[in-house]
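Dropping structure20.json in here (JSON, C-alpha atoms):
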```json
[["chain", "number", "residue", "atom", "x", "y", "z"],
["A", 1028, "MET", "CA", 30.01, -55.75, -17.94],
["A", 1029, "TYR", "CA", 30.50, -51.98, -18.28],
["A", 1030, "SER", "CA", 31.44, -52.17, -21.96],
["A", 1031, "GLY", "CA", 28.05, -53.78, -22.71],
["A", 1032, "LEU", "CA", 26.29, -51.06, -20.74],
["A", 1033, "LEU", "CA", 28.28, -48.39, -22.62],
["A", 1034, "ILE", "CA", 27.38, -49.89, -26.02],
["A", 1035, "ILE", "CA", 23.69, -49.50, -25.17],
["A", 1036, "LEU", "CA", 23.70, -46.12, -23.44],
["A", 1037, "LEU", "CA", 26.29, -44.14, -25.40],
["A", 1038, "PRO", "CA", 24.56, -44.10, -28.82],
["A", 1039, "LEU", "CA", 21.19, -43.51, -27.12],
["A", 1040, "VAL", "CA", 22.53, -40.48, -25.25],
["A", 1041, "ILE", "CA", 24.33, -39.09, -28.32],
["A", 1042, "GLY", "CA", 21.12, -39.33, -30.34],
["A", 1043, "TRP", "CA", 19.16, -37.66, -27.52],
["A", 1044, "LEU", "CA", 21.64, -34.77, -27.34],
["A", 1045, "LEU", "CA", 21.25, -33.89, -31.03],
["A", 1046, "PRO", "CA", 18.52, -31.20, -31.37],
["A", 1047, "LEU", "CA", 17.10, -32.56, -34.63],
["A", 1048, "ARG", "CA", 13.44, -31.61, -34.92],
["A", 1049, "GLN", "CA", 13.04, -30.86, -38.62],
["A", 1050, "PRO", "CA", 10.06, -32.88, -39.96],
["A", 1051, "THR", "CA", 12.07, -34.11, -42.96],
["A", 1052, "VAL", "CA", 14.88, -35.41, -40.75],
["A", 1053, "LEU", "CA", 12.47, -37.08, -38.31],
["A", 1054, "ARG", "CA", 10.62, -38.79, -41.17],
["A", 1055, "LEU", "CA", 13.95, -40.13, -42.43],
["A", 1056, "VAL", "CA", 14.85, -41.31, -38.91],
["A", 1057, "ASN", "CA", 11.50, -43.13, -38.58],
["A", 1058, "ARG", "CA", 12.01, -44.80, -41.97],
["A", 1059, "LEU", "CA", 15.56, -45.86, -41.09],
["A", 1060, "LEU", "CA", 14.36, -47.21, -37.75],
["A", 1061, "GLY", "CA", 11.85, -49.42, -39.53],
["A", 1062, "TRP", "CA", 14.50, -50.84, -41.83],
["A", 1063, "MET", "CA", 17.05, -51.34, -39.04],
["A", 1064, "VAL", "CA", 14.52, -53.31, -36.99],
["A", 1065, "TYR", "CA", 13.96, -55.71, -39.90],
["A", 1066, "ILE", "CA", 17.70, -56.08, -40.50],
["A", 1067, "ILE", "CA", 18.58, -56.80, -36.88],
["A", 1068, "LEU", "CA", 15.70, -59.24, -36.38],
["A", 1069, "PHE", "CA", 16.89, -61.06, -39.51],
["A", 1070, "PHE", "CA", 20.35, -61.32, -37.93],
["A", 1071, "MET", "CA", 18.74, -62.54, -34.70],
["A", 1072, "GLY", "CA", 17.06, -65.37, -36.60],
["A", 1073, "ILE", "CA", 20.39, -66.36, -38.18],
["A", 1074, "SER", "CA", 22.11, -66.44, -34.76],
["A", 1075, "LEU", "CA", 19.31, -68.66, -33.44],
["A", 1076, "ALA", "CA", 19.94, -71.18, -36.22],
["A", 1077, "PHE", "CA", 23.61, -71.57, -35.20],
["A", 1078, "LEU", "CA", 22.76, -72.70, -31.65],
["A", 1079, "ASP", "CA", 23.82, -76.14, -30.48],
["A", 1080, "ASN", "CA", 20.97, -78.50, -29.48],
["A", 1081, "LEU", "CA", 18.63, -76.46, -31.65],
["A", 1082, "SER", "CA", 15.34, -78.26, -30.97],
["A", 1083, "ARG", "CA", 15.82, -78.12, -27.20],
["A", 1084, "ASN", "CA", 16.72, -74.43, -27.36],
["A", 1085, "LEU", "CA", 13.61, -73.61, -29.42],
["A", 1086, "LEU", "CA", 11.45, -75.25, -26.77],
["A", 1087, "SER", "CA", 13.26, -73.12, -24.16],
["A", 1088, "VAL", "CA", 12.51, -69.94, -26.15],
["A", 1089, "PHE", "CA", 8.76, -70.53, -26.17],
["A", 1090, "HIS", "CA", 8.66, -71.84, -22.58],
["A", 1091, "ILE", "CA", 10.42, -68.69, -21.32],
["A", 1092, "ALA", "CA", 8.30, -66.39, -23.50],
["A", 1093, "LEU", "CA", 4.94, -67.86, -22.46],
["A", 1094, "THR", "CA", 5.78, -68.07, -18.76],
["A", 1095, "SER", "CA", 7.22, -64.55, -18.53],
["A", 1096, "SER", "CA", 4.46, -62.92, -20.59],
["A", 1097, "LEU", "CA", 1.75, -64.57, -18.48],
["A", 1098, "ALA", "CA", 3.40, -63.58, -15.18],
["A", 1099, "ILE", "CA", 4.00, -59.98, -16.29],
["A", 1100, "LEU", "CA", 0.52, -59.47, -17.78],
["A", 1101, "ILE", "CA", -1.22, -60.83, -14.67],
["A", 1102, "CYS", "CA", 0.82, -58.55, -12.40],
["A", 1103, "ASN", "CA", 0.16, -55.57, -14.70],
["A", 1104, "LEU", "CA", -3.59, -56.16, -14.77],
["A", 1105, "LEU", "CA", -3.82, -56.57, -10.99],
["A", 1106, "ALA", "CA", -1.86, -53.35, -10.37],
["A", 1107, "LEU", "CA", -3.87, -51.39, -12.95],
["A", 1108, "ARG", "CA", -7.14, -52.68, -11.49],
["A", 1109, "LEU", "CA", -6.00, -51.47, -8.05],
["A", 1110, "LEU", "CA", -5.17, -48.07, -9.56],
["A", 1111, "GLU", "CA", -8.66, -47.85, -11.08],
["A", 1112, "LYS", "CA", -10.27, -48.59, -7.71],
["A", 1113, "ARG", "CA", -8.17, -45.99, -5.91],
["A", 1114, "ARG", "CA", -8.18, -43.35, -8.67],
["A", 1115, "PRO", "CA", -11.16, -43.80, -11.06],
["A", 1116, "TRP", "CA", -10.80, -42.23, -14.52],
["A", 1117, "GLN", "CA", -13.93, -40.19, -15.24],
["A", 1118, "HIS", "CA", -14.91, -39.76, -18.91],
["A", 1119, "LYS", "CA", -17.90, -39.27, -21.22],
["A", 1120, "HIS", "CA", -16.57, -40.63, -24.49],
["A", 1121, "LYS", "CA", -18.61, -43.01, -26.63],
["A", 1122, "GLN", "CA", -16.55, -45.60, -28.48],
["A", 1123, "GLU", "CA", -16.14, -45.24, -32.25],
["A", 1124, "ALA", "CA", -15.70, -47.93, -34.89],
["A", 1125, "LEU", "CA", -12.26, -49.49, -34.59],
["A", 1126, "PRO", "CA", -9.76, -50.47, -37.28],
["A", 1127, "SER", "CA", -9.42, -54.16, -38.03],
["A", 1128, "ARG", "CA", -7.72, -55.81, -35.07],
["A", 1129, "LEU", "CA", -6.83, -58.79, -37.28],
["A", 1130, "ARG", "CA", -4.98, -56.53, -39.69],
["A", 1131, "MET", "CA", -3.05, -54.85, -36.85],
["A", 1132, "ALA", "CA", -2.16, -58.25, -35.38],
["A", 1133, "LEU", "CA", -0.89, -59.38, -38.79],
["A", 1134, "ASP", "CA", 1.26, -56.23, -39.01],
["A", 1135, "SER", "CA", 2.89, -57.24, -35.71],
["A", 1136, "LEU", "CA", 3.34, -60.83, -36.82],
["A", 1137, "THR", "CA", 5.20, -59.65, -39.93],
["A", 1138, "LEU", "CA", 8.25, -59.17, -37.72],
["A", 1139, "CYS", "CA", 7.96, -62.80, -36.63],
["A", 1140, "GLY", "CA", 8.21, -63.68, -40.31],
["A", 1141, "VAL", "CA", 11.50, -61.77, -40.55],
["A", 1142, "VAL", "CA", 12.95, -63.74, -37.62],
["A", 1143, "VAL", "CA", 11.77, -67.01, -39.22],
["A", 1144, "LEU", "CA", 13.31, -65.98, -42.56],
["A", 1145, "GLY", "CA", 16.63, -65.28, -40.82],
["A", 1146, "PHE", "CA", 16.38, -68.63, -39.02],
["A", 1147, "LEU", "CA", 15.78, -70.50, -42.28],
["A", 1148, "THR", "CA", 18.69, -68.66, -43.90],
["A", 1149, "GLY", "CA", 20.91, -69.60, -40.94],
["A", 1150, "LEU", "CA", 20.02, -73.29, -41.36],
["A", 1151, "THR", "CA", 22.05, -73.26, -44.59],
["A", 1152, "GLN", "CA", 25.12, -72.95, -42.28],
["A", 1153, "LEU", "CA", 27.02, -70.86, -44.84],
["A", 1154, "ALA", "CA", 30.35, -69.76, -43.41],
["A", 1155, "PHE", "CA", 29.87, -66.00, -43.81],
["A", 1156, "LEU", "CA", 26.61, -66.13, -41.83],
["A", 1157, "ARG", "CA", 28.65, -66.78, -38.68],
["A", 1158, "HIS", "CA", 29.44, -63.06, -38.68],
["A", 1159, "ALA", "CA", 25.74, -62.23, -38.19],
["A", 1160, "SER", "CA", 26.14, -61.57, -34.46],
["A", 1161, "THR", "CA", 28.97, -59.08, -35.08],
["A", 1162, "ALA", "CA", 26.99, -57.34, -37.81],
["A", 1163, "SER", "CA", 23.94, -57.12, -35.55],
["A", 1164, "GLU", "CA", 26.02, -55.44, -32.85],
["A", 1165, "TYR", "CA", 27.03, -52.61, -35.20],
["A", 1166, "ALA", "CA", 23.47, -52.35, -36.49],
["A", 1167, "LEU", "CA", 22.24, -52.18, -32.87],
["A", 1168, "ILE", "CA", 24.51, -49.22, -32.12],
["A", 1169, "PHE", "CA", 23.07, -47.33, -35.09],
["A", 1170, "LEU", "CA", 19.50, -48.26, -34.13],
["A", 1171, "LEU", "CA", 19.95, -46.97, -30.56],
["A", 1172, "PHE", "CA", 21.33, -43.71, -31.93],
["A", 1173, "LEU", "CA", 18.19, -43.36, -34.07],
["A", 1174, "VAL", "CA", 15.97, -44.17, -31.05],
["A", 1175, "GLY", "CA", 17.67, -41.35, -29.13],
["A", 1176, "VAL", "CA", 17.04, -38.91, -32.00],
["A", 1177, "GLN", "CA", 13.40, -40.03, -32.23],
["A", 1178, "LEU", "CA", 12.74, -39.58, -28.51],
["A", 1179, "ARG", "CA", 14.30, -36.10, -28.54],
["A", 1180, "GLY", "CA", 12.33, -35.17, -31.64],
["A", 1181, "SER", "CA", 9.00, -36.23, -30.11],
["A", 1182, "GLY", "CA", 8.82, -32.76, -28.52],
["A", 1183, "MET", "CA", 7.87, -34.04, -25.07],
["A", 1184, "THR", "CA", 9.19, -31.82, -22.28],
["A", 1185, "LEU", "CA", 9.70, -32.79, -18.65],
["A", 1186, "ARG", "CA", 6.93, -30.35, -17.69],
["A", 1187, "GLN", "CA", 4.42, -31.97, -20.06],
["A", 1188, "ILE", "CA", 5.26, -35.42, -18.73],
["A", 1189, "LEU", "CA", 4.99, -34.52, -15.05],
["A", 1190, "LEU", "CA", 1.77, -32.53, -15.48],
["A", 1191, "ASN", "CA", -0.11, -35.45, -17.02],
["A", 1192, "ARG", "CA", -0.89, -37.27, -13.80],
["A", 1193, "ARG", "CA", -2.87, -40.11, -15.36],
["A", 1194, "GLY", "CA", -0.13, -41.02, -17.82],
["A", 1195, "MET", "CA", 2.47, -40.96, -15.04],
["A", 1196, "MET", "CA", 0.32, -42.98, -12.62],
["A", 1197, "VAL", "CA", -0.29, -45.67, -15.24],
["A", 1198, "SER", "CA", 3.45, -45.72, -16.05],
["A", 1199, "VAL", "CA", 4.42, -46.19, -12.39],
["A", 1200, "ALA", "CA", 1.84, -48.98, -11.95],
["A", 1201, "VAL", "CA", 3.05, -50.76, -15.11],
["A", 1202, "LEU", "CA", 6.72, -50.35, -14.20],
["A", 1203, "LEU", "CA", 6.48, -51.71, -10.67],
["A", 1204, "SER", "CA", 4.10, -54.55, -11.51],
["A", 1205, "ALA", "CA", 6.11, -55.58, -14.59],
["A", 1206, "LEU", "CA", 9.27, -55.87, -12.49],
["A", 1207, "LEU", "CA", 7.34, -57.92, -9.94],
["A", 1208, "GLY", "CA", 6.12, -60.15, -12.78],
["A", 1209, "GLY", "CA", 9.68, -60.47, -14.10],
["A", 1210, "ALA", "CA", 10.92, -61.53, -10.65],
["A", 1211, "LEU", "CA", 8.08, -64.08, -10.44],
["A", 1212, "ALA", "CA", 8.91, -65.41, -13.93],
["A", 1213, "ALA", "CA", 12.59, -65.75, -12.99],
["A", 1214, "ALA", "CA", 11.62, -67.80, -9.93],
["A", 1215, "LEU", "CA", 9.27, -70.04, -11.95],
["A", 1216, "LEU", "CA", 11.81, -70.56, -14.75],
["A", 1217, "GLY", "CA", 14.89, -70.93, -12.56],
["A", 1218, "LEU", "CA", 16.56, -67.92, -14.21],
["A", 1219, "PRO", "CA", 18.79, -65.34, -12.48],
["A", 1220, "LEU", "CA", 16.78, -62.45, -11.04],
["A", 1221, "ASN", "CA", 18.44, -59.86, -13.28],
["A", 1222, "THR", "CA", 17.45, -61.87, -16.38],
["A", 1223, "GLY", "CA", 13.80, -61.95, -15.29],
["A", 1224, "LEU", "CA", 13.85, -58.21, -14.56],
["A", 1225, "ALA", "CA", 15.44, -57.49, -17.95],
["A", 1226, "LEU", "CA", 12.76, -59.62, -19.65],
["A", 1227, "ALA", "CA", 10.10, -57.52, -17.93],
["A", 1228, "SER", "CA", 11.68, -54.22, -19.02],
["A", 1229, "GLY", "CA", 10.73, -54.32, -22.69],
["A", 1230, "PHE", "CA", 7.18, -53.06, -21.94],
["A", 1231, "GLY", "CA", 5.89, -54.38, -25.26],
["A", 1232, "TRP", "CA", 8.67, -52.87, -27.40],
["A", 1233, "TYR", "CA", 9.50, -56.26, -28.92],
["A", 1234, "SER", "CA", 11.66, -55.01, -31.78],
["A", 1235, "LEU", "CA", 14.06, -53.34, -29.35],
["A", 1236, "SER", "CA", 13.93, -55.74, -26.39],
["A", 1237, "GLY", "CA", 14.64, -58.78, -28.55],
["A", 1238, "ILE", "CA", 17.70, -57.09, -30.03],
["A", 1239, "LEU", "CA", 19.11, -55.78, -26.73],
["A", 1240, "MET", "CA", 18.48, -59.04, -24.88],
["A", 1241, "THR", "CA", 20.16, -61.06, -27.63],
["A", 1242, "GLU", "CA", 23.28, -58.93, -27.29],
["A", 1243, "ALA", "CA", 23.26, -59.25, -23.49],
["A", 1244, "PHE", "CA", 22.05, -62.82, -22.84],
["A", 1245, "GLY", "CA", 22.33, -64.65, -26.16],
["A", 1246, "PRO", "CA", 19.82, -65.68, -28.84],
["A", 1247, "VAL", "CA", 17.69, -67.97, -26.62],
["A", 1248, "VAL", "CA", 16.76, -65.31, -24.06],
["A", 1249, "GLY", "CA", 16.77, -62.61, -26.75],
["A", 1250, "SER", "CA", 14.25, -64.52, -28.88],
["A", 1251, "ALA", "CA", 12.16, -65.21, -25.77],
["A", 1252, "ALA", "CA", 12.15, -61.47, -24.99],
["A", 1253, "PHE", "CA", 10.96, -60.74, -28.54],
["A", 1254, "PHE", "CA", 8.03, -63.16, -28.29],
["A", 1255, "ASN", "CA", 7.27, -62.08, -24.71],
["A", 1256, "ASP", "CA", 6.76, -58.47, -25.78],
["A", 1257, "LEU", "CA", 5.04, -59.41, -29.04],
["A", 1258, "ILE", "CA", 2.45, -61.36, -27.02],
["A", 1259, "ARG", "CA", 1.90, -58.24, -24.90],
["A", 1260, "GLU", "CA", 1.13, -56.11, -27.95],
["A", 1261, "LEU", "CA", -1.21, -58.68, -29.46],
["A", 1262, "VAL", "CA", -3.07, -59.01, -26.15],
["A", 1263, "ALA", "CA", -3.39, -55.21, -25.95],
["A", 1264, "ILE", "CA", -4.81, -54.98, -29.48],
["A", 1265, "MET", "CA", -7.41, -57.63, -28.71],
["A", 1266, "LEU", "CA", -8.43, -56.35, -25.25],
["A", 1267, "ILE", "CA", -8.50, -52.55, -25.70],
["A", 1268, "PRO", "CA", -12.07, -52.41, -27.13],
["A", 1269, "GLY", "CA", -13.48, -54.50, -24.30],
["A", 1270, "LEU", "CA", -11.59, -52.75, -21.51],
["A", 1271, "ILE", "CA", -11.77, -49.10, -22.57],
["A", 1272, "ALA", "CA", -15.31, -48.33, -21.33],
["A", 1273, "ARG", "CA", -14.86, -49.34, -17.68],
["A", 1274, "HIS", "CA", -11.13, -50.01, -17.34],
["A", 1275, "ARG", "CA", -9.36, -47.21, -19.21],
["A", 1276, "SER", "CA", -6.19, -47.38, -17.12],
["A", 1277, "SER", "CA", -5.90, -51.10, -17.84],
["A", 1278, "ALA", "CA", -6.44, -50.57, -21.57],
["A", 1279, "LEU", "CA", -3.74, -47.88, -21.62],
["A", 1280, "GLY", "CA", -1.31, -49.74, -19.36],
["A", 1281, "LEU", "CA", -1.39, -52.91, -21.46],
["A", 1282, "CYS", "CA", -0.06, -50.94, -24.44],
["A", 1283, "GLY", "CA", 3.20, -50.10, -22.70],
["A", 1284, "ALA", "CA", 5.78, -48.47, -24.95],
["A", 1285, "THR", "CA", 3.52, -48.83, -28.02],
["A", 1286, "ALA", "CA", 0.95, -46.40, -26.58],
["A", 1287, "MET", "CA", 2.63, -43.47, -28.33],
["A", 1288, "ASP", "CA", 2.79, -45.09, -31.77],
["A", 1289, "PHE", "CA", 1.40, -48.46, -32.87],
["A", 1290, "THR", "CA", -1.59, -48.82, -30.53],
["A", 1291, "LEU", "CA", -2.30, -45.07, -30.28],
["A", 1292, "PRO", "CA", -4.91, -45.08, -33.13],
["A", 1293, "VAL", "CA", -6.81, -47.90, -31.41],
["A", 1294, "LEU", "CA", -6.74, -46.06, -28.08],
["A", 1295, "GLN", "CA", -7.89, -42.83, -29.71],
["A", 1296, "ARG", "CA", -10.84, -44.38, -31.53],
["A", 1297, "ALA", "CA", -11.91, -46.45, -28.55],
["A", 1298, "GLY", "CA", -11.23, -43.87, -25.83],
["A", 1299, "GLY", "CA", -11.53, -40.51, -27.59],
["A", 1300, "ASN", "CA", -9.12, -37.61, -27.87],
["A", 1301, "GLU", "CA", -9.02, -37.15, -24.11],
["A", 1302, "ILE", "CA", -6.95, -40.35, -23.74],
["A", 1303, "VAL", "CA", -4.30, -39.22, -26.26],
["A", 1304, "PRO", "CA", -2.15, -37.00, -23.94],
["A", 1305, "ALA", "CA", -2.02, -39.74, -21.28],
["A", 1306, "ALA", "CA", -1.22, -42.33, -23.97],
["A", 1307, "ILE", "CA", 1.65, -40.26, -25.38],
["A", 1308, "VAL", "CA", 3.11, -39.62, -21.92],
["A", 1309, "HIS", "CA", 2.78, -43.29, -20.93],
["A", 1310, "GLY", "CA", 4.30, -44.48, -24.22],
["A", 1311, "PHE", "CA", 7.13, -41.94, -24.00],
["A", 1312, "VAL", "CA", 8.04, -42.86, -20.41],
["A", 1313, "MET", "CA", 7.98, -46.59, -21.17],
["A", 1314, "SER", "CA", 10.00, -46.10, -24.38],
["A", 1315, "LEU", "CA", 12.61, -44.12, -22.48],
["A", 1316, "LEU", "CA", 12.80, -46.60, -19.60],
["A", 1317, "ALA", "CA", 12.96, -49.78, -21.73],
["A", 1318, "PRO", "CA", 16.54, -49.48, -23.09],
["A", 1319, "LEU", "CA", 17.81, -47.93, -19.84],
["A", 1320, "LEU", "CA", 16.41, -50.69, -17.62],
["A", 1321, "ILE", "CA", 17.44, -53.50, -19.96],
["A", 1322, "ALA", "CA", 20.96, -52.04, -20.00],
["A", 1323, "PHE", "CA", 20.97, -51.75, -16.21],
["A", 1324, "PHE", "CA", 19.76, -55.29, -15.55],
["A", 1325, "SER", "CA", 21.99, -56.72, -18.28],
["A", 1326, "ALA", "CA", 25.02, -55.21, -16.55]]
```
Go through the file and emit its structure as structure tokens.
Amino acid sequence: MYSGLLIILLPLVIGWLLPLRQPTVLRLVNRLLGWMVYIILFFMGISLAFLDNLSRNLLSVFHIALTSSLAILICNLLALRLLEKRRPWQHKHKQEALPSRLRMALDSLTLCGVVVLGFLTGLTQLAFLRHASTASEYALIFLLFLVGVQLRGSGMTLRQILLNRRGMMVSVAVLLSALLGGALAAALLGLPLNTGLALASGFGWYSLSGILMTEAFGPVVGSAAFFNDLIRELVAIMLIPGLIARHRSSALGLCGATAMDFTLPVLQRAGGNEIVPAAIVHGFVMSLLAPLLIAFFSA
């Protein structure tokens, strides 16, 4: 139990402790992160292909993913709506033209293609492919180290995080309601409570949650976690333009961990520059909590 927790936390902490803020180094880290995500998701697809009772397990993957994503999103939206009623977000921004939502959705779905490619490769049942799970574990350690370096290099200080009240309020609402949704999903699916809570702790960071959950719970739950968080990002991309005018907290909260990177341009164009600090704080907090909470609930 504790060795699994150590594998997740140790490289993350080591990366965080390294004071690497040179732009060249951070660009290299971001590039390596992109490649490592593709590599590990490819390995995840291979591992899925080696499961016994494959067709039944694939049905389980999508059943878990759809049930958990629906439960978590409903709880998130209810909590964020309550936050908006109690603490309205005043603004005067007029929405600008948005980038193609279809193109952004296709960018997200590219990662699904990598998992499918790994799955098809695994169906060949070549002997050396059985080592994919071991290889993915070493790749995961390196990826978590890079995540730690990236979070440290983002330049966010504790003071900046705590002073942005809106970003912190949205983060607290998303965190608590997501865990409630994960508990509800676990009850509906007949899963252990810690599994449901771990599923809820990805906060839309599908490339990381799928990898961590595969290592902790196996390829069925890991693949379900990937699709669960992918659905969250796709829903956010589609709903931001419609929500941003009257429900800014909901639009921001749906983005989860992606608010500081992938969905940030959409938030900025739809909600103006005033939403950017809250988005960065919210995305940073969720990105920091995701691996920590998944590690905690996995242990």
Would you compute the distance between CA of Leu1203 (chain A) and CA of His1090 (chain A)? Give it in Å to one decimal.
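Distance between the two atoms: 23.5 Å.
Among A:Ile1073, A:Val1064, A:Leu1279, A:Ala1297, the residue with the shortest atom-to-atom distance to His1158 (chain A), counting all atoms listed in the file, is A:Ile1073.
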Exercise: Ser1276 (chain A) partners within 12 Å, only C-alpha atoms, chain neighbours under 6 positions left out, as JSON, numbers by chain:
{"A": [1103, 1104, 1105, 1106, 1107, 1108, 1109, 1110, 1111, 1112, 1113, 1114, 1115, 1116, 1117, 1118, 1192, 1193, 1194, 1195, 1196, 1197, 1198, 1199, 1200, 1201, 1267, 1270, 1282, 1283, 1286, 1294, 1298, 1302, 1305, 1306, 1309]}
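In this model, the gap between CA of Met1287 (chain A) and CA of Arg1048 (chain A) comes to 17.3 Å.
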To test the calculation: enclose all listed atoms of region 1200-1211 of chain A in a box whose edges run along x, y and z, add 4 Å on each side, then state centre and edge lengths in Å to one decimal, as lines of an AutoDock Vina configuration file.
```
center_x = 6.4
center_y = -56.5
center_z = -12.5
size_x = 17.1
size_y = 23.1
size_z = 13.2
```
With distances taken over all atoms listed in the file, which residue among A:Val1248, A:Leu1039, A:Leu1053, A:Ala1162 lies nearest Ala1317 (chain A)?
A:Leu1039
Nearest to Leu1144 (chain A): which of A:Leu1075, A:Leu1173, A:Leu1100, A:Phe1069 is it, counting only C-alpha atoms?
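Smallest separation from Leu1144 (chain A) among the options: A:Phe1069.
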Mind pulling up the distance from CA of Trp1043 (chain A) to CA of Arg1179 (chain A)?
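Spanning CA of Arg1179 (chain A) to CA of Trp1043 (chain A) is a straight-line distance of 5.2 Å.
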Could region 1166-1173 of chain A be completed with all heavy atoms and returned as a JSON list (two decimals), keeping the file's coordinate frame?
```json
[["chain", "number", "residue", "atom", "x", "y", "z"],
["A", 1166, "ALA", "N", 24.79, -52.84, -36.11],
["A", 1166, "ALA", "CA", 23.47, -52.35, -36.49],
["A", 1166, "ALA", "C", 22.70, -51.87, -35.26],
["A", 1166, "ALA", "O", 21.96, -50.88, -35.30],
["A", 1166, "ALA", "CB", 22.68, -53.45, -37.20],
["A", 1167, "LEU", "N", 22.90, -52.56, -34.12],
["A", 1167, "LEU", "CA", 22.24, -52.18, -32.87],
["A", 1167, "LEU", "C", 22.69, -50.80, -32.40],
["A", 1167, "LEU", "O", 21.88, -49.98, -31.96],
["A", 1167, "LEU", "CB", 22.55, -53.21, -31.79],
["A", 1167, "LEU", "CG", 22.11, -52.88, -30.36],
["A", 1167, "LEU", "CD1", 20.60, -52.72, -30.28],
["A", 1167, "LEU", "CD2", 22.60, -53.92, -29.38],
["A", 1168, "ILE", "N", 23.99, -50.53, -32.52],
["A", 1168, "ILE", "CA", 24.51, -49.22, -32.12],
["A", 1168, "ILE", "C", 23.84, -48.11, -32.92],
["A", 1168, "ILE", "O", 23.42, -47.08, -32.38],
["A", 1168, "ILE", "CB", 26.05, -49.18, -32.30],
["A", 1168, "ILE", "CG1", 26.72, -50.12, -31.29],
["A", 1168, "ILE", "CG2", 26.58, -47.75, -32.15],
["A", 1168, "ILE", "CD1", 28.20, -50.32, -31.53],
["A", 1169, "PHE", "N", 23.71, -48.33, -34.23],
["A", 1169, "PHE", "CA", 23.07, -47.33, -35.09],
["A", 1169, "PHE", "C", 21.59, -47.19, -34.74],
["A", 1169, "PHE", "O", 21.05, -46.07, -34.69],
["A", 1169, "PHE", "CB", 23.25, -47.72, -36.56],
["A", 1169, "PHE", "CG", 22.70, -46.71, -37.52],
["A", 1169, "PHE", "CD1", 23.06, -45.37, -37.47],
["A", 1169, "PHE", "CD2", 21.80, -47.10, -38.51],
["A", 1169, "PHE", "CE1", 22.55, -44.45, -38.36],
["A", 1169, "PHE", "CE2", 21.28, -46.18, -39.40],
["A", 1169, "PHE", "CZ", 21.66, -44.85, -39.33],
["A", 1170, "LEU", "N", 20.92, -48.31, -34.47],
["A", 1170, "LEU", "CA", 19.50, -48.26, -34.13],
["A", 1170, "LEU", "C", 19.27, -47.48, -32.84],
["A", 1170, "LEU", "O", 18.35, -46.67, -32.75],
["A", 1170, "LEU", "CB", 18.95, -49.68, -33.99],
["A", 1170, "LEU", "CG", 17.47, -49.77, -33.59],
["A", 1170, "LEU", "CD1", 16.74, -50.82, -34.43],
["A", 1170, "LEU", "CD2", 17.32, -50.15, -32.12],
["A", 1171, "LEU", "N", 20.11, -47.69, -31.83],
["A", 1171, "LEU", "CA", 19.95, -46.97, -30.56],
["A", 1171, "LEU", "C", 20.20, -45.48, -30.74],
["A", 1171, "LEU", "O", 19.54, -44.65, -30.09],
["A", 1171, "LEU", "CB", 20.91, -47.54, -29.51],
["A", 1171, "LEU", "CG", 20.53, -48.93, -28.98],
["A", 1171, "LEU", "CD1", 21.67, -49.53, -28.18],
["A", 1171, "LEU", "CD2", 19.27, -48.87, -28.15],
["A", 1172, "PHE", "N", 21.12, -45.13, -31.61],
["A", 1172, "PHE", "CA", 21.33, -43.71, -31.93],
["A", 1172, "PHE", "C", 20.06, -43.11, -32.53],
["A", 1172, "PHE", "O", 19.62, -42.02, -32.15],
["A", 1172, "PHE", "CB", 22.51, -43.58, -32.92],
["A", 1172, "PHE", "CG", 22.62, -42.23, -33.56],
["A", 1172, "PHE", "CD1", 23.14, -41.15, -32.83],
["A", 1172, "PHE", "CD2", 22.21, -42.02, -34.86],
["A", 1172, "PHE", "CE1", 23.24, -39.89, -33.42],
["A", 1172, "PHE", "CE2", 22.30, -40.77, -35.44],
["A", 1172, "PHE", "CZ", 22.82, -39.70, -34.72],
["A", 1173, "LEU", "N", 19.43, -43.84, -33.46],
["A", 1173, "LEU", "CA", 18.19, -43.36, -34.07],
["A", 1173, "LEU", "C", 17.05, -43.26, -33.05],
["A", 1173, "LEU", "O", 16.24, -42.33, -33.11],
["A", 1173, "LEU", "CB", 17.77, -44.30, -35.22],
["A", 1173, "LEU", "CG", 18.70, -44.36, -36.43],
["A", 1173, "LEU", "CD1", 18.23, -45.43, -37.41],
["A", 1173, "LEU", "CD2", 18.78, -43.00, -37.13]]
```
